[in-house]
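Read through the structure below, which is laid out as structure tokens, and then see the notes.
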Amino acid sequence: MKGLAPLFLGIFGTFAFSWVGLTVLPNWQIGHLNPQSDEEGTDIYPQPQSGMFERGARVYAANGCAYCHSQQVRPEYAGADIERGWGNRRSAPRDYIFERPVFLAKMRMGQDIANIGARAPAEQQSPPPAGAASPAASPAQQGGSPPPGASPGPAASPSSATSPAPAASPATQGAAVSSPPSQASGSSPAKAASPAPPTGVASPSPGAMANASPGATTAPSPRPQVAGPPWPEQTLGEPPMYSAAWHHVHLYSPRSINLDSNMPSYRFLYEKRRIRDQRSADALQLTGSDAPPEGWELIPTYDAKCLVAYLMALNQSHPLNDVRSAGGAPAASAAPSPAAGSPPPSPAPAK
């Protein structure tokens with residue numbers, strides 16, 4: 001009986017010490033972080049998100065997306081996330097102060113999506129004229145790093161694609177953008193190439209598209225598509241990669257974008273209905289066996305729109321004063337104008 005009291009005290013002390021070290025001290029250090037702002041109070045990061053973002057986060061959690069995708073860019077000493085192009089700096093506690101819960105996750109069957117919103121194409125002002133193709137000139141990328149790039153597979157065409165290169169996320173976070181991209185400023189409809197027919201041929205990765213020469217188009221390859229890298233690549237005839245329309249196609253039919261994808265299809269988030277007067281602007285741009293029958297269309301439900309709004313708002317590319325970006329330089333907060341003639345950043349090498 002004499003040794004019972006020290007035993008219980010030792011057990012209690014062990015749990016108390018662990019609780020203080022793992023809960024109390026971290027909460028004391030980072031539990032009351034505020035958004036970062038400049039001296040004028042204009043550049044505030046992060047900012048509270050919209051209601052669509054919050055609902056999209058619940059849809060994200062309900063469908064188990066956190067089991068296969070993480071939302072944390074590890075520092076250079078802990079992994080090669082920055083080298084893969086998943087971010088230009090490591091994630092920090094301040095990035096998550098408005099997120100409840102935080103989906104850090106621990107397993108990656110898919111790529112990290114902490115900066116997937118920064119990979120979206122630049123929001124355009126108006127839709128292109130009838131019969132015009134997507135802008136040929138690639139806009140410069142913002143602070144967000146390009147998605148994991150890889151050299152094109154045997155079926156990939158070495159020339160550049162007509163889709164715009166990934167740039168900053170849309171100006172309005174939390175709103176799903178379904179309108180087609182417009183022509184770049186300075187390009188005329190007469191110079192635009194006619195849209196390529198939908199095919200299953202993969203084009204170069206987003207990093208390769210960022211270095212494409214203006215005005216170049218991708219010639220379809222006669223060879224069939226083969227198994228490629230374990231992340232999606234831009235496909236001819238499909239919406240621009242990481243745009244809202246692309247996300248909807250990816251959620252509805254992942255293997256129409258990447259044959260090797262083991263991502264489940266979330267077709268229950270979409271509604272099939274008859275086309276009445278004209279095709280809906282939100283209708284999915286599907287080809288092949290995934291396309292609905294003649295006179296029908298597939299449109300996203302509100303939950304699907306919220307989920308895409310949530311994904312497109314995930315962006316940790318904003319510079320933080322207490323975190324160094326890749327190479328020790330502050331992260332860029334604004335993209336140079338395409339008219340300035342400065343080339344886009346080179347893609348990070350794939351691992």
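Residue numbers start at 1 in each chain; chains themselves are named A, B, ... in the order of the structure tokens; ligands are numbered from 1 in the order shown.
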Wanna dump the segment 285-314 of chain A-segment 103-126 of chain A contacts at 12 Å for me, each residue with its shortest atom pair and the distance in Å to one decimal, counting only C-alpha atoms, ordered by chain and number, as a tab-separated table?
residue	atom	partner	partner_atom	distance
A:Val308	CA	A:Gly117	CA	9.8
A:Ala309	CA	A:Gly117	CA	9.1
A:Tyr310	CA	A:Gly117	CA	8.7
A:Leu311	CA	A:Gly117	CA	6.2
A:Met312	CA	A:Gly117	CA	4.0
A:Ala313	CA	A:Gly117	CA	5.2
A:Leu314	CA	A:Gly117	CA	4.8
| Between A:Thr14, A:Cys65, A:Val323, A:Ile299, which one has atoms that come closest to Ser265 of chain A, using only C-alpha atoms? |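 That would be A:Cys65, the residue with the smallest distance to Ser265 of chain A.
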| field | Sel. of alpha helix (DSSP H) residues, segment 266-323 of chain A, as a list in words | value |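 In segment 266-323 of chain A, DSSP puts these residues in alpha helix (DSSP H): Tyr302, Asp303, Ala304, Lys305, Cys306, Leu307, Val308, Ala309, Tyr310, Leu311 and Met312 of chain A.
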| query | Residues at most 12 Å from segment 24-40 of chain A, counting only C-alpha atoms, excluding those fewer than 4 positions away in the same chain, as a VMD selection string? | reply | chain A and resid 16 to 20 44 to 48 92 to 98 318 to 323
| field | Length of the atom CA of Trp296 of chain A to atom CA of Gln278 of chain A vector [Å] | value | 10.6 Å
| task | Give the answer as one residue: which of A:Ser70, A:Pro293, A:Leu7, A:Ala245 has the shortest atom-to-atom distance to Ala281 of chain A, using only C-alpha atoms? | result | A:Ala245
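Note that the spacing between atom CA of Gly56 of chain A and atom CA of Asp260 of chain A amounts to 26.1 Å.
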| request: Go ahead and compute the interatomic distance for atom CA of Pro75 of chain A and atom CA of Asn315 of chain A, in Å to one decimal. | output: 16.7 Å
| message | I'd like the contact shell of Ala61 of chain A - 10 Å cut-off, only C-alpha atoms, skipping same-chain residues fewer than 5 positions apart - returned as a list in words. | response |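 Using only C-alpha atoms, the neighbours found are Arg55, Gly56, Ala66, Tyr67, Pro101, Phe103 and Leu307 of chain A.
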| Which of segment 228-294 of chain A DSSP labels strand (DSSP E), written as JSON, numbers by chain | {"A": [270, 271, 272, 273, 274]}
Shell of 9 Å around Arg273 of chain A, only C-alpha atoms, local chain residues under 2 positions omitted, as a PDB file with all heavy atoms, in the first residue's frame:
ATOM      1  N   GLU A 271     -26.516  17.116 -61.006  1.00  0.00           N
ATOM      2  CA  GLU A 271     -27.909  16.832 -61.384  1.00  0.00           C
ATOM      3  C   GLU A 271     -28.030  16.771 -62.904  1.00  0.00           C
ATOM      4  O   GLU A 271     -27.529  17.640 -63.616  1.00  0.00           O
ATOM      5  CB  GLU A 271     -28.820  17.932 -60.828  1.00  0.00           C
ATOM      6  CG  GLU A 271     -30.275  17.788 -61.203  1.00  0.00           C
ATOM      7  CD  GLU A 271     -31.103  18.969 -60.739  1.00  0.00           C
ATOM      8  OE1 GLU A 271     -30.564  19.832 -60.011  1.00  0.00           O
ATOM      9  OE2 GLU A 271     -32.286  19.041 -61.120  1.00  0.00           O
ATOM     10  N   ILE A 275     -32.249  19.998 -71.328  1.00  0.00           N
ATOM     11  CA  ILE A 275     -31.953  21.360 -71.770  1.00  0.00           C
ATOM     12  C   ILE A 275     -33.249  21.986 -72.246  1.00  0.00           C
ATOM     13  O   ILE A 275     -33.938  21.435 -73.112  1.00  0.00           O
ATOM     14  CB  ILE A 275     -30.901  21.360 -72.893  1.00  0.00           C
ATOM     15  CG1 ILE A 275     -29.604  20.712 -72.403  1.00  0.00           C
ATOM     16  CG2 ILE A 275     -30.634  22.773 -73.386  1.00  0.00           C
ATOM     17  CD1 ILE A 275     -28.540  20.590 -73.470  1.00  0.00           C
ATOM     18  N   ARG A 276     -33.592  23.133 -71.719  1.00  0.00           N
ATOM     19  CA  ARG A 276     -34.850  23.779 -72.086  1.00  0.00           C
ATOM     20  C   ARG A 276     -34.638  24.748 -73.243  1.00  0.00           C
ATOM     21  O   ARG A 276     -34.659  24.377 -74.408  1.00  0.00           O
ATOM     22  CB  ARG A 276     -35.417  24.480 -70.867  1.00  0.00           C
ATOM     23  CG  ARG A 276     -35.750  23.492 -69.733  1.00  0.00           C
ATOM     24  CD  ARG A 276     -36.145  24.190 -68.454  1.00  0.00           C
ATOM     25  NE  ARG A 276     -36.347  23.239 -67.373  1.00  0.00           N
ATOM     26  CZ  ARG A 276     -36.554  23.586 -66.111  1.00  0.00           C
ATOM     27  NH1 ARG A 276     -36.597  24.870 -65.771  1.00  0.00           N
ATOM     28  NH2 ARG A 276     -36.728  22.648 -65.175  1.00  0.00           N
ATOM     29  N   GLY A 295     -29.675  16.483 -75.733  1.00  0.00           N
ATOM     30  CA  GLY A 295     -30.812  17.160 -75.128  1.00  0.00           C
ATOM     31  C   GLY A 295     -30.770  17.190 -73.613  1.00  0.00           C
ATOM     32  O   GLY A 295     -31.683  17.735 -72.995  1.00  0.00           O
ATOM     33  N   TRP A 296     -29.717  16.628 -73.009  1.00  0.00           N
ATOM     34  CA  TRP A 296     -29.577  16.617 -71.552  1.00  0.00           C
ATOM     35  C   TRP A 296     -28.284  17.337 -71.177  1.00  0.00           C
ATOM     36  O   TRP A 296     -27.369  17.482 -71.969  1.00  0.00           O
ATOM     37  CB  TRP A 296     -29.571  15.199 -70.997  1.00  0.00           C
ATOM     38  CG  TRP A 296     -30.879  14.490 -71.159  1.00  0.00           C
ATOM     39  CD1 TRP A 296     -31.362  13.906 -72.289  1.00  0.00           C
ATOM     40  CD2 TRP A 296     -31.862  14.295 -70.146  1.00  0.00           C
ATOM     41  NE1 TRP A 296     -32.604  13.351 -72.060  1.00  0.00           N
ATOM     42  CE2 TRP A 296     -32.931  13.571 -70.737  1.00  0.00           C
ATOM     43  CE3 TRP A 296     -31.964  14.644 -68.803  1.00  0.00           C
ATOM     44  CZ2 TRP A 296     -34.065  13.203 -70.032  1.00  0.00           C
ATOM     45  CZ3 TRP A 296     -33.093  14.274 -68.093  1.00  0.00           C
ATOM     46  CH2 TRP A 296     -34.132  13.569 -68.709  1.00  0.00           C
ATOM     47  N   GLU A 297     -28.208  17.739 -69.910  1.00  0.00           N
ATOM     48  CA  GLU A 297     -27.009  18.383 -69.400  1.00  0.00           C
ATOM     49  C   GLU A 297     -26.830  18.025 -67.929  1.00  0.00           C
ATOM     50  O   GLU A 297     -27.784  17.624 -67.249  1.00  0.00           O
ATOM     51  CB  GLU A 297     -27.084  19.905 -69.563  1.00  0.00           C
ATOM     52  CG  GLU A 297     -28.210  20.555 -68.780  1.00  0.00           C
ATOM     53  CD  GLU A 297     -28.285  22.069 -68.991  1.00  0.00           C
ATOM     54  OE1 GLU A 297     -27.438  22.596 -69.727  1.00  0.00           O
ATOM     55  OE2 GLU A 297     -29.191  22.698 -68.407  1.00  0.00           O
ATOM     56  N   LEU A 298     -25.597  18.142 -67.458  1.00  0.00           N
ATOM     57  CA  LEU A 298     -25.263  17.895 -66.059  1.00  0.00           C
ATOM     58  C   LEU A 298     -24.850  19.215 -65.433  1.00  0.00           C
ATOM     59  O   LEU A 298     -23.946  19.893 -65.924  1.00  0.00           O
ATOM     60  CB  LEU A 298     -24.128  16.877 -65.949  1.00  0.00           C
ATOM     61  CG  LEU A 298     -24.507  15.440 -66.305  1.00  0.00           C
ATOM     62  CD1 LEU A 298     -23.275  14.624 -66.612  1.00  0.00           C
ATOM     63  CD2 LEU A 298     -25.286  14.805 -65.154  1.00  0.00           C
ATOM     64  N   ILE A 299     -25.510  19.566 -64.350  1.00  0.00           N
ATOM     65  CA  ILE A 299     -25.212  20.825 -63.673  1.00  0.00           C
ATOM     66  C   ILE A 299     -24.851  20.526 -62.223  1.00  0.00           C
ATOM     67  O   ILE A 299     -25.346  19.568 -61.619  1.00  0.00           O
ATOM     68  CB  ILE A 299     -26.401  21.808 -63.739  1.00  0.00           C
ATOM     69  CG1 ILE A 299     -27.632  21.190 -63.072  1.00  0.00           C
ATOM     70  CG2 ILE A 299     -26.687  22.208 -65.168  1.00  0.00           C
ATOM     71  CD1 ILE A 299     -28.785  22.166 -62.906  1.00  0.00           C
TER      72      ILE A 299
END
| task | Name the residues in contact with Arg90 of chain A at a cut-off of 12 Å, using only C-alpha atoms, excluding same-chain residues fewer than 6 positions from it; report them as an NGL selection string. | result | :A and (71-83 or 112 or 114-115 or 145 or 316-320 or 322-328 or 331)
Using C-alpha atoms, can you write the selected residues to a file as a PDB file, in the first residue's frame?
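The file below, selection39.pdb, is the result:
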ATOM      1  CA  GLN A  71      -3.199  20.887 -46.559  1.00  0.00           C
ATOM      2  CA  GLN A  72       0.253  21.537 -45.155  1.00  0.00           C
ATOM      3  CA  VAL A  73       3.430  22.425 -47.022  1.00  0.00           C
ATOM      4  CA  ARG A  74       6.286  20.955 -45.036  1.00  0.00           C
ATOM      5  CA  PRO A  75       9.524  22.891 -44.472  1.00  0.00           C
ATOM      6  CA  GLU A  76      12.559  21.983 -46.547  1.00  0.00           C
ATOM      7  CA  TYR A  77      14.195  20.032 -43.728  1.00  0.00           C
ATOM      8  CA  ALA A  78      11.115  17.810 -43.360  1.00  0.00           C
ATOM      9  CA  GLY A  79      10.230  17.057 -46.985  1.00  0.00           C
ATOM     10  CA  ALA A  80      10.419  18.103 -50.624  1.00  0.00           C
ATOM     11  CA  ASP A  81       7.033  19.851 -50.818  1.00  0.00           C
ATOM     12  CA  ILE A  82       8.497  23.210 -51.885  1.00  0.00           C
ATOM     13  CA  GLU A  83      10.784  21.503 -54.387  1.00  0.00           C
ATOM     14  CA  ASP A 112      -1.076  18.572 -51.316  1.00  0.00           C
ATOM     15  CA  ALA A 114      -2.824  23.889 -49.449  1.00  0.00           C
ATOM     16  CA  ASN A 115      -2.191  26.167 -52.471  1.00  0.00           C
ATOM     17  CA  SER A 145       3.828  28.059 -56.992  1.00  0.00           C
ATOM     18  CA  GLN A 316      -1.215  30.051 -48.658  1.00  0.00           C
ATOM     19  CA  SER A 317       0.994  31.904 -51.129  1.00  0.00           C
ATOM     20  CA  HIS A 318       0.739  35.222 -49.290  1.00  0.00           C
ATOM     21  CA  PRO A 319       4.089  36.208 -47.691  1.00  0.00           C
ATOM     22  CA  LEU A 320       4.365  36.030 -43.919  1.00  0.00           C
ATOM     23  CA  ASP A 322       7.742  35.206 -39.644  1.00  0.00           C
ATOM     24  CA  VAL A 323       8.199  32.615 -42.421  1.00  0.00           C
ATOM     25  CA  ARG A 324      10.864  32.674 -45.103  1.00  0.00           C
ATOM     26  CA  SER A 325       9.896  31.678 -48.611  1.00  0.00           C
ATOM     27  CA  ALA A 326      11.898  29.353 -50.813  1.00  0.00           C
ATOM     28  CA  GLY A 327      15.440  30.610 -51.250  1.00  0.00           C
ATOM     29  CA  GLY A 328      15.176  32.943 -48.250  1.00  0.00           C
ATOM     30  CA  ALA A 331       7.200  35.521 -51.190  1.00  0.00           C
TER      31      ALA A 331
END
